[in-house]
$ cat target13.txt   # compact mmCIF, C-alpha atoms
# COMPACT_ATOMS: atom_id res chain seq x y z
CA MET D 1 -8.76 23.05 -5.59
CA LYS D 2 -6.92 26.02 -4.03
CA ASN D 3 -6.37 26.35 -0.30
CA ARG D 4 -4.93 28.74 2.28
CA LEU D 5 -3.37 26.05 4.41
CA LYS D 6 0.18 27.35 4.10
CA VAL D 7 -0.85 30.90 5.03
CA LEU D 8 -2.98 29.79 7.96
CA ARG D 9 -0.21 27.54 9.20
CA ALA D 10 2.37 30.34 8.89
CA GLU D 11 0.09 32.72 10.83
CA ARG D 12 0.19 30.30 13.73
CA ASP D 13 3.90 29.65 13.31
CA TRP D 14 3.34 25.92 12.92
CA THR D 15 5.61 23.62 10.95
CA GLN D 16 4.16 21.07 8.56
CA SER D 17 5.00 18.40 11.13
CA ASP D 18 3.11 20.32 13.86
CA LEU D 19 0.03 20.51 11.66
CA ALA D 20 0.38 16.87 10.56
CA ASN D 21 0.54 15.73 14.20
CA GLN D 22 -2.57 17.68 15.10
CA LEU D 23 -4.46 16.27 12.13
CA GLY D 24 -3.17 12.70 12.61
CA VAL D 25 -1.69 12.50 9.11
CA SER D 26 1.86 12.40 7.75
CA ARG D 27 3.90 15.51 6.94
CA GLN D 28 3.90 14.42 3.29
CA THR D 29 0.10 14.60 3.26
CA VAL D 30 0.12 18.18 4.63
CA ASN D 31 2.77 19.13 2.07
CA ALA D 32 0.76 17.59 -0.81
CA ILE D 33 -2.42 19.42 0.30
CA GLU D 34 -0.56 22.75 0.61
CA LYS D 35 0.87 22.37 -2.88
CA GLY D 36 -2.56 21.51 -4.30
CA LYS D 37 -1.37 18.08 -5.42
CA PHE D 38 -3.85 16.25 -3.21
CA ASP D 39 -7.40 17.16 -2.23
CA PRO D 40 -8.32 15.98 1.26
CA SER D 41 -11.46 13.99 1.99
CA LEU D 42 -14.45 15.82 3.47
CA PRO D 43 -13.75 14.53 7.02
CA LEU D 44 -10.12 15.72 6.85
CA ALA D 45 -11.18 19.07 5.35
CA CYS D 46 -13.68 19.47 8.22
CA LYS D 47 -10.94 18.61 10.70
CA ILE D 48 -8.68 21.25 9.14
CA GLY D 49 -11.47 23.85 9.27
CA ARG D 50 -12.19 23.04 12.91
CA LEU D 51 -8.50 23.24 13.81
CA PHE D 52 -8.19 26.70 12.30
CA GLU D 53 -11.64 27.67 13.63
CA LEU D 54 -12.79 28.58 10.14
CA PRO D 55 -15.54 27.32 7.82
CA ILE D 56 -14.22 24.94 5.15
CA GLU D 57 -14.94 27.44 2.36
CA GLN D 58 -12.52 29.91 3.96
CA VAL D 59 -9.76 27.32 3.83
CA PHE D 60 -10.53 25.62 0.50
CA GLN D 61 -11.75 27.30 -2.68
CA TYR D 62 -12.96 25.31 -5.66
CA ASP D 63 -11.28 26.50 -8.89
CA MET J 1 10.38 7.99 6.55
CA SER J 2 11.14 9.48 9.94
CA ASP J 3 7.71 11.12 10.25
CA THR J 4 5.84 7.86 9.76
CA PRO J 5 3.17 7.57 12.49
CA PRO J 6 3.83 4.71 15.00
CA GLN J 7 0.63 2.83 14.11
CA ILE J 8 1.77 2.57 10.46
CA LYS J 9 5.25 1.41 11.53
CA LYS J 10 3.69 -1.23 13.77
CA SER J 11 1.31 -2.55 11.12
CA THR J 12 4.06 -2.47 8.47
CA ASN J 13 6.31 -4.55 10.75
CA TYR J 14 3.40 -6.95 11.25
CA VAL J 15 3.04 -7.34 7.46
CA PHE J 16 6.79 -7.88 7.13
CA VAL J 17 6.88 -10.61 9.80
CA TRP J 18 3.86 -12.46 8.38
CA GLY J 19 5.29 -12.03 4.87
CA ILE J 20 8.46 -13.81 6.00
CA PHE J 21 6.38 -16.61 7.58
CA TRP J 22 4.38 -16.93 4.36
CA VAL J 23 7.55 -17.21 2.24
CA PHE J 24 8.84 -20.00 4.52
CA ALA J 25 5.45 -21.74 4.45
CA THR J 26 5.43 -21.51 0.65
CA ALA J 27 8.92 -22.98 0.48
CA GLY J 28 7.78 -25.75 2.85
CA VAL J 29 4.84 -26.69 0.63
CA ALA J 30 6.91 -26.41 -2.57
CA PHE J 31 9.97 -28.38 -1.49
CA GLY J 32 8.97 -30.25 1.69
CA PRO J 33 7.00 -33.15 0.18
CA LYS J 34 9.90 -34.23 -2.04
CA ASN J 35 12.89 -33.30 0.12
CA LEU J 36 11.72 -33.57 3.73
CA TRP J 37 8.82 -35.99 4.22
CA ASN J 38 8.77 -38.13 1.06
CA PHE J 39 5.25 -37.15 -0.05
CA ASN J 40 3.57 -38.27 3.20
CA THR J 41 -0.03 -37.24 2.49
CA TRP J 42 -0.97 -36.13 6.02
CA ILE J 43 2.12 -34.00 6.52
CA THR J 44 1.54 -32.44 3.10
CA ILE J 45 -2.10 -31.65 3.99
CA ILE J 46 -0.99 -30.07 7.29
CA ALA J 47 1.67 -28.03 5.43
CA VAL J 48 -0.94 -26.82 2.90
CA VAL J 49 -3.39 -25.88 5.68
CA ILE J 50 -0.64 -23.97 7.53
CA HIS J 51 0.31 -22.24 4.28
CA VAL J 52 -3.27 -21.14 3.57
CA GLY J 53 -3.74 -20.08 7.23
CA ILE J 54 -0.62 -17.93 7.20
CA GLY J 55 -1.72 -16.50 3.85
CA LEU J 56 -5.07 -15.46 5.34
CA VAL J 57 -3.32 -13.82 8.32
CA LEU J 58 -1.05 -12.01 5.86
CA ILE J 59 -4.07 -10.71 3.92
CA ARG J 60 -5.61 -9.46 7.19
CA ALA J 61 -2.31 -7.82 8.15
CA LEU J 62 -2.16 -6.08 4.75
CA LYS J 63 -5.71 -4.81 5.20
CA GLN J 64 -4.91 -3.51 8.68
CA ASN J 65 -1.81 -1.84 7.28
CA LEU J 66 -3.91 -0.11 4.62
CA LEU J 67 -6.44 1.05 7.23
CA ALA J 68 -3.66 2.40 9.47
CA MET J 69 -2.38 4.68 6.70
CA ASP J 70 -3.52 8.25 6.30
CA GLU J 71 -5.63 8.99 3.24
CA LEU J 72 -2.79 10.10 0.95
CA HIS J 73 -0.72 6.98 1.58
CA ARG J 74 -3.83 4.81 1.28
CA LYS J 75 -4.47 6.39 -2.13
CA ILE J 76 -0.86 5.81 -3.19
CA HIS J 77 -1.06 2.13 -2.24
CA LEU J 78 -4.53 1.60 -3.74
CA ASP J 79 -3.37 3.19 -7.03
CA ALA J 80 -0.32 0.91 -7.02
CA MET J 81 -2.56 -2.10 -6.33
CA ALA J 82 -4.82 -1.11 -9.23
CA TRP J 83 -1.81 -0.99 -11.57
CA SER J 84 -0.53 -4.28 -10.22
CA LEU J 85 -3.89 -6.02 -10.62
CA GLY J 86 -4.56 -4.51 -14.05
CA ILE J 87 -1.16 -5.30 -15.48
CA GLY J 88 -1.22 -8.73 -13.85
CA LEU J 89 -4.56 -9.51 -15.49
CA VAL J 90 -3.77 -8.11 -18.93
CA LEU J 91 -0.19 -9.39 -19.17
CA GLY J 92 -1.13 -12.65 -17.43
CA CYS J 93 -3.74 -13.46 -20.09
CA THR J 94 -1.36 -12.59 -22.91
CA TYR J 95 1.56 -14.43 -21.30
CA GLU J 96 -0.55 -17.54 -20.78
CA MET J 97 -1.40 -17.61 -24.51
CA LEU J 98 2.17 -17.10 -25.76
CA GLU J 99 3.08 -20.76 -25.57
CA ASP J 100 -0.21 -21.89 -27.14
CA ILE J 101 0.38 -19.64 -30.15
CA LYS J 102 4.06 -20.73 -30.37
CA LEU J 103 5.63 -17.36 -29.66
CA ILE J 104 7.60 -18.81 -26.73
CA THR J 105 8.93 -22.32 -26.27
CA PHE J 106 8.81 -22.52 -22.47
CA GLN J 107 5.81 -23.11 -20.20
CA PRO J 108 4.46 -19.86 -18.64
CA GLU J 109 4.79 -20.04 -14.86
CA ILE J 110 2.68 -18.38 -12.14
CA PRO J 111 5.82 -17.13 -10.25
CA HIS J 112 6.71 -14.97 -13.28
CA LEU J 113 3.31 -13.29 -13.01
CA ILE J 114 3.61 -12.88 -9.22
CA LEU J 115 7.06 -11.32 -9.60
CA THR J 116 5.79 -8.95 -12.30
CA MET J 117 2.85 -7.89 -10.11
CA CYS J 118 5.17 -7.32 -7.13
CA LEU J 119 7.55 -5.21 -9.23
CA VAL J 120 4.66 -3.17 -10.67
CA TYR J 121 3.29 -2.63 -7.15
CA VAL J 122 6.66 -1.44 -5.81
CA ALA J 123 7.15 0.81 -8.86
CA GLY J 124 3.62 2.18 -8.38
CA VAL J 125 4.26 3.03 -4.71
CA ILE J 126 7.59 4.74 -5.55
CA GLN J 127 5.94 6.69 -8.37
CA GLY J 128 3.08 7.73 -6.05
CA ILE J 129 5.43 8.90 -3.30
CA ARG J 130 7.43 10.94 -5.83
CA LYS J 131 4.26 12.38 -7.36
CA TYR J 132 2.99 13.75 -4.04
CA GLN J 133 6.36 14.95 -2.69

$ encode --input "target13.txt" --output "structure tokens"
Amino acid sequence: MKNRLKVLRAERDWTQSDLANQLGVSRQTVNAIEKGKFDPSLPLACKIGRLFELPIEQVFQYD
Amino acid sequence: MSDTPPQIKKSTNYVFVWGIFWVFATAGVAFGPKNLWNFNTWITIIAVVIHVGIGLVLIRALKQNLLAMDELHRKIHLDAMAWSLGIGLVLGCTYEMLEDIKLITFQPEIPHLILTMCLVYVAGVIQGIRKYQ
């Protein structure tokens, strides 16, 4: 699954640690999601969407 | 891991402390009856009850530790546990039969299996952390 997490994070000038703290996960988890190595659960994906004030489908795209 | 959330650090420390207690309780049950209290039945029963009790607390601490993790780390640990359980079951069955079928001359021991499962678990966690780096 592709995602725009890195772009959205960069637009807000957040570090991976900043985003991880806001989501309540580790920096490694944010890094793994950004690189497409790990797909988040639906609750975490919803949390990410809410944080960026975007619908989930504008953050994550199924290949 | 400097970015480890405090709740994970706390629950990991809890597991570590109860793990140490469990090791001492295991040593007490294994060596105490012969070396410390000359097979006194009541003291042995108390030692066994303490050992099982500490073991149950350790299991609860491990579960709490797993629940405190974020979903990626939980996945890494659950994958490692699956490998550990699978290899423990498969190799344990084979290992147990080796003496019966005269491929080894010594008696297979449970500690060998426990050590193997622990090593597989640690290797699984390391592999998982590297995979998602």

$ residues_around --input "target13.txt" --residues "range 55-63 of chain J" --least-positions-apart "2" --cutoff "6 Å" --atoms "only C-alpha atoms" --output "PyMOL selection string"
chain J and resi 15+18+52-53+65-66

$ residues_around --input "target13.txt" --residues "range 21-25 of chain D" --least-positions-apart "5" --cutoff "8 Å" --atoms "only C-alpha atoms" --output "ChimeraX atom specification"
/D:30,44,47-48 /J:5,70-71

$ atom_distance --input "target13.txt" --atom1 "CA of Lys34 in chain J" --atom2 "CA of Gly19 in chain J"
23.7 Å

$ closest_residue --input "target13.txt" --among "D:Ala10, D:Ala32, D:Leu19, D:Leu5" --to "chain J" --atoms "only C-alpha atoms"
D:Ala32

$ interface_residues --input "target13.txt" --of "chain J" --to "chain D" --cutoff "7 Å" --atoms "all atoms listed in the file" --output "number ranges by chain"
J: 3-5, 70, 72, 132-133

$ closest_residue --input "target13.txt" --among "J:Lys9, J:His51, J:His112, J:His77" --to "Gly124 in chain J" --atoms "only C-alpha atoms"
J:His77

$ atom_distance --input "target13.txt" --atom1 "CA of Ala123 in chain J" --atom2 "CA of Ser84 in chain J"
9.3 Å

$ atom_distance --input "target13.txt" --atom1 "CA of Trp42 in chain J" --atom2 "CA of Ile20 in chain J"
24.2 Å

$ residues_around --input "target13.txt" --residues "Thr116 in chain J" --least-positions-apart "3" --cutoff "10 Å" --atoms "all atoms listed in the file" --output "list in words"
Ser84, Ile87, Gly88, Leu91, Gly92, Ile110, Pro111, His112, Leu113, Leu119, Val120, Tyr121 and Val122 of chain J
